[in-house]
$ cat protein.cif   # mmCIF, C-alpha atoms
data_query
loop_
_atom_site.label_atom_id
_atom_site.label_comp_id
_atom_site.auth_asym_id
_atom_site.auth_seq_id
_atom_site.Cartn_x
_atom_site.Cartn_y
_atom_site.Cartn_z
CA MET A 1 21.01 10.94 17.43
CA THR A 2 22.28 10.36 20.94
CA GLY A 3 18.92 10.76 22.71
CA MET A 4 18.70 11.99 26.25
CA LYS A 5 17.28 10.16 29.20
CA GLU A 6 13.76 11.10 30.10
CA GLY A 7 13.01 12.09 33.68
CA THR A 8 15.33 13.24 36.42
CA GLY A 9 19.08 13.16 36.11
CA SER A 10 21.39 12.08 38.89
CA ASP A 11 21.02 13.95 42.17
CA PRO A 12 23.57 16.77 42.15
CA PHE A 13 23.30 17.27 45.90
CA ALA A 14 23.49 13.63 46.94
CA GLU A 15 26.26 12.95 49.39
CA ASP A 16 28.69 10.30 48.29
CA VAL A 17 27.38 7.34 50.22
CA VAL A 18 30.14 5.41 51.95
CA GLU A 19 29.18 1.81 52.40
CA ASP A 20 29.39 0.46 55.92
CA ASP A 21 31.40 -2.54 54.72
CA ARG A 22 34.70 -0.76 55.11
CA ASP A 23 34.11 0.02 58.76
CA ASP A 24 33.12 -3.56 59.38
CA ASP A 25 36.29 -4.81 57.72
CA ARG A 26 38.36 -2.64 59.96
CA GLU A 27 36.57 -3.87 63.07
CA GLN A 28 37.16 -7.43 61.99
CA ASP A 29 40.83 -6.75 61.37
CA THR A 30 41.36 -5.46 64.89
CA THR A 31 39.76 -8.55 66.41
CA ALA A 32 41.28 -11.02 63.96
CA GLY A 33 43.96 -12.06 66.46
CA ASP A 34 41.34 -13.29 68.87
CA MET A 35 41.23 -16.97 67.93
CA VAL A 36 38.39 -17.83 70.28
CA HIS A 37 36.15 -15.38 68.52
CA GLU A 38 37.36 -16.59 65.17
CA GLU A 39 36.51 -20.21 65.98
CA ARG A 40 33.18 -19.43 67.52
CA SER A 41 32.26 -17.28 64.61
CA GLU A 42 32.23 -20.36 62.39
CA THR A 43 29.70 -22.17 64.50
CA GLU A 44 27.57 -19.37 65.89
CA PRO A 45 28.01 -16.51 63.53
CA SER A 46 24.99 -14.50 64.62
CA THR A 47 25.68 -14.38 68.35
CA VAL A 48 29.34 -13.61 67.77
CA VAL A 49 28.45 -10.68 65.61
CA ARG A 50 26.23 -9.34 68.36
CA GLU A 51 28.95 -9.86 71.00
CA ARG A 52 31.41 -7.91 68.97
CA GLY A 53 28.96 -5.08 69.04
CA SER A 54 29.29 -4.39 65.33
CA ARG A 55 26.54 -2.28 63.85
CA PRO A 56 23.72 -3.99 62.00
CA SER A 57 24.40 -4.16 58.29
CA LYS A 58 22.70 -1.67 56.05
CA ASN A 59 20.12 -4.17 54.92
CA ASP A 60 18.89 -4.75 58.49
CA ILE A 61 17.68 -1.16 58.67
CA PRO A 62 14.13 -0.75 57.39
CA TYR A 63 14.08 0.72 53.91
CA ILE A 64 12.66 4.13 54.72
CA PHE A 65 15.29 4.76 57.41
CA ARG A 66 18.34 3.75 55.43
CA ARG A 67 17.69 6.06 52.52
CA ASP A 68 18.45 9.77 52.45
CA ARG A 69 15.59 10.59 50.15
CA VAL A 70 12.64 8.94 48.52
CA THR A 71 14.38 8.53 45.19
CA ASP A 72 17.32 6.55 46.64
CA GLU A 73 17.63 3.03 45.21
CA ARG A 74 14.90 3.92 42.76
CA THR A 75 14.90 4.66 39.06
CA LEU A 76 12.32 6.69 37.21
CA HIS A 77 9.67 4.85 35.25
CA SER A 78 7.12 6.52 33.02
CA PHE A 79 3.68 5.00 32.72
CA TYR A 80 0.57 5.70 30.74
CA LEU A 81 -2.28 5.44 33.20
CA ARG A 82 -5.96 6.16 32.92
CA GLU A 83 -7.42 9.23 34.59
CA MET A 84 -8.92 7.20 37.44
CA TYR A 85 -5.49 6.09 38.59
CA GLY A 86 -4.63 9.38 40.26
CA GLN A 87 -7.82 9.53 42.25
CA ILE A 88 -7.70 5.94 43.38
CA GLU A 89 -4.10 6.35 44.41
CA GLU A 90 -4.89 9.53 46.33
CA GLU A 91 -7.74 7.82 48.19
CA ALA A 92 -5.61 4.81 48.98
CA ARG A 93 -2.83 7.05 50.16
CA HIS A 94 -5.17 8.95 52.43
CA GLY A 95 -6.45 5.71 53.94
CA VAL A 96 -2.97 4.31 54.47
CA GLN A 97 -1.72 7.55 55.99
CA GLN A 98 -4.61 7.53 58.45
CA ARG A 99 -3.72 4.04 59.53
CA LEU A 100 -0.02 4.80 59.90
CA GLY A 101 -0.42 8.25 61.37
CA GLU A 102 2.23 9.73 59.09
CA GLN A 103 2.84 10.90 55.55
CA VAL A 104 3.62 8.24 52.96
CA PRO A 105 5.36 9.31 49.72
CA LYS A 106 3.65 8.18 46.55
CA ALA A 107 6.63 6.06 45.52
CA ASP A 108 6.35 3.99 48.70
CA LEU A 109 2.61 3.66 48.36
CA ARG A 110 2.86 2.52 44.74
CA GLU A 111 5.50 -0.10 45.47
CA ALA A 112 3.62 -1.40 48.47
CA MET A 113 0.41 -1.65 46.46
CA LEU A 114 2.29 -3.53 43.75
CA LEU A 115 3.77 -5.98 46.26
CA VAL A 116 0.43 -6.63 47.89
CA ALA A 117 -1.28 -7.13 44.55
CA ALA A 118 1.48 -9.52 43.47
CA ARG A 119 0.58 -11.74 46.43
CA ASP A 120 -2.98 -12.08 45.21
CA LEU A 121 -2.74 -12.81 41.52
CA ASP A 122 -6.22 -14.34 41.47
CA ALA A 123 -7.68 -10.97 42.38
CA VAL A 124 -5.54 -9.28 39.73
CA ALA A 125 -6.69 -11.77 37.08
CA GLU A 126 -10.30 -11.25 38.16
CA GLU A 127 -9.95 -7.49 37.71
CA LEU A 128 -8.45 -7.97 34.26
CA ARG A 129 -11.30 -10.30 33.28
CA GLU A 130 -13.65 -7.42 33.97
CA TRP A 131 -11.58 -5.36 31.58
CA GLY A 132 -12.24 -7.92 28.87
CA TYR A 133 -9.36 -10.34 29.13
CA ASP A 134 -9.97 -14.05 28.83
CA MET A 135 -13.17 -13.61 26.86
CA GLU A 136 -14.26 -16.62 24.86
CA MET B 1 9.87 12.44 56.55
CA ASN B 2 12.55 12.79 53.92
CA THR B 3 12.70 15.99 52.02
CA THR B 4 13.75 16.21 48.45
CA MET B 5 14.60 19.17 46.24
CA LEU B 6 13.45 19.49 42.66
CA ALA B 7 16.28 20.99 40.59
CA TYR B 8 16.21 21.84 36.91
CA SER B 9 17.64 24.17 34.30
CA THR B 10 15.58 25.67 31.54
CA TYR B 11 17.35 25.22 28.25
CA SER B 12 16.70 26.19 24.71
CA GLU B 13 19.32 26.60 22.07
CA ALA B 14 17.39 29.11 20.03
CA GLY B 15 16.88 32.52 21.61
CA GLY B 16 13.53 34.19 22.12
CA VAL B 17 11.69 30.92 22.62
CA GLY B 18 10.30 31.90 25.98
CA LYS B 19 12.90 30.16 28.12
CA THR B 20 13.10 32.92 30.70
CA THR B 21 9.35 33.49 30.96
CA THR B 22 8.92 29.73 31.39
CA ALA B 23 11.45 29.68 34.24
CA ALA B 24 9.88 32.72 35.89
CA ASN B 25 6.29 31.51 35.64
CA LEU B 26 7.19 28.03 36.83
CA ALA B 27 8.97 29.54 39.83
CA VAL B 28 5.85 31.51 40.74
CA ALA B 29 3.70 28.42 40.18
CA HIS B 30 5.86 26.46 42.66
CA ALA B 31 5.68 29.33 45.16
CA ARG B 32 1.88 29.60 44.79
CA ALA B 33 1.63 26.00 45.89
CA GLY B 34 3.46 26.68 49.13
CA LEU B 35 6.92 25.57 48.03
CA LYS B 36 10.08 27.60 48.41
CA PRO B 37 11.85 28.12 45.09
CA LEU B 38 15.30 29.59 44.42
CA VAL B 39 15.93 30.91 40.93
CA VAL B 40 19.49 31.32 39.68
CA PRO B 41 19.52 33.15 36.34
CA LEU B 42 22.92 33.19 34.64
CA ASP B 43 22.37 35.18 31.47
CA PRO B 44 25.05 37.83 30.96
CA GLN B 45 22.83 39.73 28.51
CA ASP B 46 20.20 42.29 29.34
CA GLY B 47 16.61 41.20 28.84
CA ASP B 48 16.90 38.36 31.27
CA LEU B 49 15.07 36.95 34.26
CA SER B 50 16.39 39.59 36.66
CA ARG B 51 14.91 42.26 34.46
CA LEU B 52 11.64 40.38 34.13
CA PHE B 53 11.32 40.39 37.92
CA GLY B 54 12.65 43.94 38.28
CA VAL B 55 15.69 43.00 40.38
CA ASP B 56 18.38 44.06 37.90
CA ASP B 57 18.95 47.52 39.33
CA ARG B 58 22.38 46.70 40.73
CA ARG B 59 23.83 44.72 37.85
CA THR B 60 26.54 47.28 37.11
CA GLU B 61 27.29 48.28 40.70
CA SER B 62 30.28 47.10 42.66
CA VAL B 63 28.34 44.78 44.98
CA ASP B 64 28.81 41.20 46.10
CA THR B 65 27.73 38.86 43.28
CA LEU B 66 27.20 35.18 42.62
CA VAL B 67 30.23 35.30 40.32
CA ARG B 68 32.40 36.34 43.27
CA HIS B 69 31.14 33.31 45.22
CA ILE B 70 31.75 31.07 42.22
CA ILE B 71 35.40 32.10 42.03
CA ARG B 72 35.80 31.90 45.81
CA ARG B 73 36.07 35.65 46.31
CA PRO B 74 32.79 36.45 48.12
CA LYS B 75 32.33 39.87 49.64
CA GLY B 76 29.45 38.81 51.87
CA ASP B 77 27.02 36.04 52.81
CA PHE B 78 25.27 33.98 50.16
CA GLY B 79 21.95 34.88 51.77
CA ASP B 80 22.57 38.56 51.14
CA LEU B 81 22.66 37.95 47.38
CA ILE B 82 19.01 36.97 47.40
CA ARG B 83 16.04 39.19 46.50
CA THR B 84 12.46 38.01 46.92
CA VAL B 85 9.75 38.80 44.37
CA GLU B 86 6.28 37.25 44.11
CA GLY B 87 7.24 34.67 46.69
CA VAL B 88 10.30 33.63 44.68
CA ASP B 89 13.90 33.96 45.87
CA ILE B 90 16.19 35.15 43.08
CA ILE B 91 19.93 35.72 42.84
CA PRO B 92 19.99 38.69 40.45
CA GLU B 93 22.26 38.60 37.43
CA HIS B 94 25.23 40.91 37.42
CA ASN B 95 27.40 42.19 34.60
CA MET B 96 30.33 40.22 36.05
CA LEU B 97 28.65 37.20 34.43
CA SER B 98 29.95 38.39 31.05
CA ASP B 99 33.47 37.60 32.14
CA LEU B 100 32.71 34.39 34.01
CA ALA B 101 34.81 32.22 31.67
CA GLU B 102 37.82 34.43 32.16
CA TYR B 103 37.42 34.60 35.96
CA LEU B 104 37.08 30.83 36.16
CA GLN B 105 40.12 30.25 34.00
CA ARG B 106 42.23 32.57 36.13
CA GLU B 107 41.05 30.90 39.34
CA LYS B 108 41.79 27.48 37.89
CA GLU B 109 45.35 28.50 36.97
CA GLN B 110 45.96 29.90 40.44
CA ALA B 111 44.55 26.79 42.09
CA GLU B 112 46.66 24.51 39.92
CA ALA B 113 49.78 26.51 40.70
CA MET B 114 49.03 25.70 44.35
CA GLY B 115 48.53 22.05 43.51
CA GLU B 116 44.75 22.18 44.03
CA ALA B 117 42.06 20.88 41.73
CA PHE B 118 39.46 23.37 40.54
CA GLY B 119 36.60 22.10 38.41
CA VAL B 120 35.42 25.07 36.38
CA HIS B 121 32.04 23.45 35.75
CA ALA B 122 31.38 22.46 39.36
CA GLN B 123 31.64 25.81 41.08
CA LEU B 124 27.97 26.81 41.06
CA LEU B 125 27.12 23.41 42.51
CA ARG B 126 29.75 23.93 45.21
CA VAL B 127 28.39 27.37 46.12
CA LEU B 128 24.81 26.09 46.34
CA ARG B 129 25.88 23.08 48.36
CA GLU B 130 27.95 25.12 50.80
CA ALA B 131 25.08 27.56 51.24
CA GLY B 132 22.79 24.69 52.24
CA VAL B 133 20.40 25.32 49.36
CA PRO B 134 18.98 21.76 49.28
CA ASP B 135 17.98 22.12 52.95
CA GLU B 136 16.63 25.62 52.60
CA TYR B 137 14.68 25.27 49.35
CA ASP B 138 12.16 22.93 47.74
CA VAL B 139 12.91 23.89 44.15
CA LEU B 140 16.05 25.13 42.37
CA ILE B 141 15.65 26.60 38.90
CA CYS B 142 18.67 27.69 36.88
CA ASP B 143 18.12 29.80 33.81
CA PRO B 144 21.39 29.72 31.87
CA PRO B 145 22.03 31.33 28.49
CA ALA B 146 21.61 29.02 25.51
CA THR B 147 25.16 29.40 24.29
CA GLU B 148 27.67 26.75 25.22
CA GLY B 149 30.03 27.88 27.93
CA PRO B 150 30.62 27.92 31.68
CA HIS B 151 27.20 29.43 32.50
CA LEU B 152 25.36 26.60 30.78
CA TYR B 153 27.71 23.89 32.02
CA ASN B 154 27.62 25.08 35.64
CA ALA B 155 23.82 25.26 35.54
CA ILE B 156 23.37 21.80 34.07
CA ASN B 157 25.88 20.31 36.48
CA ALA B 158 24.10 21.90 39.45
CA THR B 159 20.65 20.65 38.44
CA ARG B 160 21.20 17.53 36.26
CA SER B 161 17.62 17.78 35.03
CA LEU B 162 16.30 19.91 32.20
CA VAL B 163 13.08 21.55 31.14
CA ILE B 164 13.21 22.41 27.46
CA PRO B 165 10.95 25.16 26.12
CA ILE B 166 10.79 24.61 22.41
CA GLU B 167 9.22 26.29 19.45
CA PRO B 168 7.61 23.58 17.36
CA SER B 169 9.48 24.29 14.16
CA ALA B 170 12.42 23.02 12.16
CA LYS B 171 14.55 25.43 14.16
CA GLY B 172 13.24 23.97 17.40
CA LYS B 173 14.04 20.46 16.27
CA ALA B 174 17.56 21.47 15.38
CA SER B 175 17.94 23.01 18.82
CA ILE B 176 17.01 19.74 20.53
CA ARG B 177 19.62 17.95 18.44
CA GLY B 178 22.13 20.61 19.45
CA LEU B 179 21.21 20.09 23.10
CA GLU B 180 21.65 16.36 22.79
CA SER B 181 25.24 16.77 21.70
CA VAL B 182 25.92 19.29 24.50
CA VAL B 183 24.37 16.98 27.07
CA GLY B 184 26.13 13.91 25.74
CA GLY B 185 29.50 15.65 25.97
CA LEU B 186 28.78 16.96 29.44
CA GLN B 187 27.66 13.58 30.77
CA ARG B 188 30.92 12.01 29.66
CA GLN B 189 33.10 14.90 30.79
CA LEU B 190 31.60 15.27 34.26
CA ASP B 191 30.53 11.65 34.70
CA ILE B 192 26.97 12.64 35.62
CA GLU B 193 23.57 11.59 34.40
CA ILE B 194 21.35 14.26 32.87
CA GLY B 195 17.63 13.79 32.42
CA VAL B 196 14.91 15.67 30.56
CA LEU B 197 11.93 16.30 32.84
CA ALA B 198 9.78 17.85 30.15
CA ALA B 199 9.72 19.58 26.82
CA VAL B 200 7.43 22.60 26.73
CA PRO B 201 6.19 23.43 23.24
CA ILE B 202 5.54 27.16 23.11
CA ARG B 203 3.83 29.41 20.58
CA PHE B 204 1.88 26.51 19.21
CA LYS B 205 -0.32 27.68 16.37
CA GLN B 206 -1.95 24.42 15.34
CA THR B 207 -0.29 24.24 11.93
CA ARG B 208 0.20 20.84 10.35
CA ASP B 209 3.97 21.12 10.50
CA GLN B 210 3.82 21.95 14.18
CA ARG B 211 1.51 19.06 14.94
CA GLU B 212 3.85 16.70 13.09
CA MET B 213 6.76 17.96 15.10
CA LEU B 214 4.93 17.43 18.38
CA ASP B 215 4.21 13.85 17.36
CA GLU B 216 7.89 13.29 16.76
CA LEU B 217 8.99 14.85 20.02
CA GLU B 218 10.85 12.25 22.03
CA TYR B 219 10.31 13.84 25.42
CA SER B 220 7.16 14.10 27.45
CA ALA B 221 5.34 17.38 26.92
CA PRO B 222 2.74 17.69 29.71
CA ILE B 223 1.51 21.04 28.38
CA VAL B 224 1.53 22.85 25.04
CA ILE B 225 1.37 26.61 25.30
CA GLY B 226 -0.31 28.58 22.53
CA ASP B 227 0.85 31.83 21.03
CA ARG B 228 0.78 34.22 24.02
CA THR B 229 2.88 37.05 22.62
CA SER B 230 0.67 39.77 24.06
CA LEU B 231 0.71 38.23 27.56
CA MET B 232 4.49 37.75 27.51
CA GLU B 233 5.10 41.26 26.23
CA GLY B 234 2.90 42.56 29.02
CA CYS B 235 5.01 40.66 31.58
CA TRP B 236 8.23 42.21 30.28
CA LYS B 237 6.66 45.64 30.23
CA GLN B 238 5.30 45.45 33.78
CA GLN B 239 8.23 43.36 35.05
CA CYS B 240 6.25 40.57 36.64
CA SER B 241 5.07 37.00 36.16
CA ALA B 242 2.12 36.12 33.94
CA PHE B 243 0.14 35.36 37.11
CA ARG B 244 0.62 38.85 38.46
CA TYR B 245 0.13 40.44 35.05
CA VAL B 246 -3.27 38.84 34.47
CA ARG B 247 -4.32 39.53 38.05
CA GLU B 248 -3.21 43.14 38.29
CA PHE B 249 -2.68 44.62 34.86
CA ARG B 250 -5.43 43.15 32.70
CA ASP B 251 -8.66 45.10 32.93
CA ARG B 252 -10.60 42.01 31.97
CA GLN B 253 -9.57 38.39 32.18
CA ARG B 254 -9.17 36.52 28.94
CA ASP B 255 -10.06 32.86 29.25
CA TYR B 256 -7.15 31.71 27.11
CA GLU B 257 -4.68 33.60 29.29
CA VAL B 258 -6.11 32.12 32.50
CA GLU B 259 -5.82 28.75 30.75
CA THR B 260 -2.11 29.44 30.18
CA LEU B 261 -1.68 30.19 33.89
CA ALA B 262 -3.43 26.93 34.69
CA GLN B 263 -0.95 25.18 32.41
CA TYR B 264 2.00 26.63 34.31
CA ASP B 265 0.41 25.34 37.52
CA GLU B 266 -0.08 21.92 35.96
CA LEU B 267 3.46 21.79 34.62
CA ALA B 268 4.79 22.78 38.06
CA ARG B 269 2.81 19.92 39.65
CA TYR B 270 4.13 17.52 37.00
CA LEU B 271 7.74 18.53 37.62
CA GLU B 272 7.27 18.29 41.39
CA GLY B 273 5.85 14.82 40.89
CA GLN B 274 8.97 13.78 38.97
CA ALA B 275 11.04 14.58 42.06
CA GLU B 276 8.48 13.04 44.44
CA LEU B 277 7.91 16.49 45.87
CA ASP B 278 4.46 17.20 47.28
CA ALA B 279 3.34 20.81 47.20
CA PRO B 280 1.65 21.58 50.53
CA ALA B 281 -1.00 23.91 49.09
CA PRO B 282 -1.51 23.41 45.36
CA PRO B 283 -4.05 25.98 44.13
CA GLU B 284 -6.86 25.35 41.70
CA PRO B 285 -4.90 25.56 38.40
CA GLY B 286 -5.05 29.11 37.04
CA SER B 287 -6.74 30.49 40.15
CA LEU B 288 -6.05 34.19 40.60
CA GLU B 289 -6.95 34.24 44.29
CA ILE B 290 -3.55 32.87 45.21
CA GLY B 291 -0.46 35.02 45.50
CA MET B 292 -2.04 38.23 46.74
CA ASP B 293 -0.25 37.88 50.04
CA ALA B 294 3.10 37.38 48.33
CA ALA B 295 2.52 40.46 46.18
CA ALA B 296 1.61 42.50 49.23
CA ALA B 297 4.74 41.29 51.03
CA ASP B 298 6.85 42.32 48.02
CA ALA B 299 5.42 45.81 48.08
CA GLU B 300 6.57 46.10 51.67
CA VAL B 301 10.16 45.01 51.16
CA SER B 302 10.77 46.47 47.71
CA ARG B 303 13.40 49.13 47.72
#
$ encode --input "protein.cif" --output "structure tokens"
Amino acid sequence: MTGMKEGTGSDPFAEDVVEDDRDDDREQDTTAGDMVHEERSETEPSTVVRERGSRPSKNDIPYIFRRDRVTDERTLHSFYLREMYGQIEEEARHGVQQRLGEQVPKADLREAMLLVAARDLDAVAEELREWGYDME
Amino acid sequence: MNTTMLAYSTYSEAGGVGKTTTAANLAVAHARAGLKPLVVPLDPQDGDLSRLFGVDDRRTESVDTLVRHIIRRPKGDFGDLIRTVEGVDIIPEHNMLSDLAEYLQREKEQAEAMGEAFGVHAQLLRVLREAGVPDEYDVLICDPPATEGPHLYNAINATRSLVIPIEPSAKGKASIRGLESVVGGLQRQLDIEIGVLAAVPIRFKQTRDQREMLDELEYSAPIVIGDRTSLMEGCWKQQCSAFRYVREFRDRQRDYEVETLAQYDELARYLEGQAELDAPAPPEPGSLEIGMDAAAADAEVSR
């Protein structure tokens, strides 16, 4: 049996994203004859880039502004979670949204909560101990 | 913030499984929650979603049709194809759909004679894209016929995600295997990725065989709908969704029918969640208070 993927398929209405790299290459080509810039670029790459006025690379743009939709750069994961998860997430989301003064999609909230938790593994281990891990 | 559109096709290989009623009730469930759904039924046969919603009165007339847009011969604006019922926008089916394969083939030959490319399975997607559907709508539901052909392929290509109503039986299992081969072929041919959002077991009667089949189901099944033959027959007879039928045509409410409505609401929320779509006003599942306004609005515009 072939077996189909669970969850969403590819986005039929996604625009074909053209990477910025090509534009940058072209800009570099037009200035390649300028030896002064070429030499300086070896020693002070960052300032030269600014002087040339080239756009910031895609990775300099904060994540939520460089994507077209929430699902960009993301793949679907299915989890089994206990009932309480939904409520706790909803409360956390509400609190975060109040602090930020704007809507936060669940996918962003979940990832941010994961990242924060990953920075405090002692707290995570403590929680799991309460669940019964590490019992003698 | 970013908006996203949930798009799916309802698919079942076997007929009479409840594919069309599932599509229709899900569409109303999305609309009840404050989302804007567009339903594109593509069944060339009578007894389809357009008839269920009572918008099939012009299927034999010489009017502008989706098929004309698909073969690049529109007679009017895309927006003029749309009828609104119970808060749901629908592009009614037309008898021209019976000859879709032939129309597409002819258009492809003409295009190729002119040195153009014409993807016969990408035309619905093109029409929806050009009409700005992803900007205009929150949910796109295609309801193609089960048989393999341009209707099914165009629908799957335009949505990429599937909801599979299935009768828990040996026949149902065979139909999922059939779908897997269709989907596999289509993924390779069109170089797209197709996903299954949910299987929806329908007419579940609690037999041992059925329970075994559910256990073996490889796709998530957020709800299991019981045998609701009487409710579904009522919908076809009154030409409306199950929500409207229970609200307006049942003299007394049956708990198990309200429970079924609640399940459609829950399934709609589940599907929205898969696309990271947040319904602005999700009702209490199964609540019959919602949708009165939409019904009243329909009465005003119905011709």
$ interface_residues --input "protein.cif" --of "chain A" --to "chain B" --cutoff "8 Å" --atoms "only C-alpha atoms" --output "ChimeraX atom specification"
/A:1-13,68-71,103,105-107
$ atom_distance --input "protein.cif" --atom1 "CA of Gln210 (chain B)" --atom2 "CA of Asn25 (chain B)"
23.6 Å
$ atom_distance --input "protein.cif" --atom1 "CA of Lys19 (chain B)" --atom2 "CA of Val200 (chain B)"
9.4 Å
$ resolve_selection --input "protein.cif" --expression "the PyMOL selection byres ((chain A and resi 111-118) around 12)" --output "ChimeraX atom specification"
/A:63,70,74,88-89,92-93,96,104-110,119-127
$ closest_residue --input "protein.cif" --among "B:Lys108, B:Cys142, B:Asn154, B:Ala262" --to "Ala23 (chain B)" --atoms "all atoms listed in the file"
B:Cys142
$ atom_distance --input "protein.cif" --atom1 "CA of Ser50 (chain B)" --atom2 "CA of Met232 (chain B)"
15.1 Å
$ closest_residue --input "protein.cif" --among "B:Leu97, B:Ala268, B:Ser287, B:Val88" --to "Pro145 (chain B)" --atoms "all atoms listed in the file"
B:Leu97
$ resolve_selection --input "protein.cif" --expression "the PyMOL selection byres ((chain B and resi 99) around 12)" --output "PDB file with C-alpha atoms, in the frame of the given file"
ATOM      1  CA  LEU B  42      22.920  33.190  34.640  1.00  0.00           C
ATOM      2  CA  ASP B  43      22.370  35.180  31.470  1.00  0.00           C
ATOM      3  CA  PRO B  44      25.050  37.830  30.960  1.00  0.00           C
ATOM      4  CA  GLN B  45      22.830  39.730  28.510  1.00  0.00           C
ATOM      5  CA  VAL B  67      30.230  35.300  40.320  1.00  0.00           C
ATOM      6  CA  ARG B  68      32.400  36.340  43.270  1.00  0.00           C
ATOM      7  CA  ILE B  71      35.400  32.100  42.030  1.00  0.00           C
ATOM      8  CA  HIS B  94      25.230  40.910  37.420  1.00  0.00           C
ATOM      9  CA  ASN B  95      27.400  42.190  34.600  1.00  0.00           C
ATOM     10  CA  MET B  96      30.330  40.220  36.050  1.00  0.00           C
ATOM     11  CA  LEU B  97      28.650  37.200  34.430  1.00  0.00           C
ATOM     12  CA  SER B  98      29.950  38.390  31.050  1.00  0.00           C
ATOM     13  CA  LEU B 100      32.710  34.390  34.010  1.00  0.00           C
ATOM     14  CA  ALA B 101      34.810  32.220  31.670  1.00  0.00           C
ATOM     15  CA  GLU B 102      37.820  34.430  32.160  1.00  0.00           C
ATOM     16  CA  TYR B 103      37.420  34.600  35.960  1.00  0.00           C
ATOM     17  CA  LEU B 104      37.080  30.830  36.160  1.00  0.00           C
ATOM     18  CA  GLN B 105      40.120  30.250  34.000  1.00  0.00           C
ATOM     19  CA  ARG B 106      42.230  32.570  36.130  1.00  0.00           C
ATOM     20  CA  GLY B 149      30.030  27.880  27.930  1.00  0.00           C
ATOM     21  CA  PRO B 150      30.620  27.920  31.680  1.00  0.00           C
ATOM     22  CA  HIS B 151      27.200  29.430  32.500  1.00  0.00           C
TER      23      HIS B 151
END
$ resolve_selection --input "protein.cif" --expression "the PyMOL selection byres ((chain B and resi 167) around 8)" --output "list in words"
Val17, Pro165, Ile166, Pro168, Ser169, Lys171, Gly172, Pro201, Ile202, Arg203 and Phe204 of chain B
$ residues_around --input "protein.cif" --residues "region 241-245 of chain B" --least-positions-apart "2" --cutoff "8 Å" --atoms "all atoms listed in the file" --output "list in words"
Thr21, Ala24, Asn25, Val28, Leu52, Phe53, Leu231, Met232, Gly234, Cys235, Gln238, Gln239, Arg247, Glu248, Phe249, Arg250, Leu261 and Leu288 of chain B
$ closest_residue --input "protein.cif" --among "B:Gly119, B:Gly76, B:Gly226, B:Pro92" --to "Lys205 (chain B)" --atoms "only C-alpha atoms"
B:Gly226
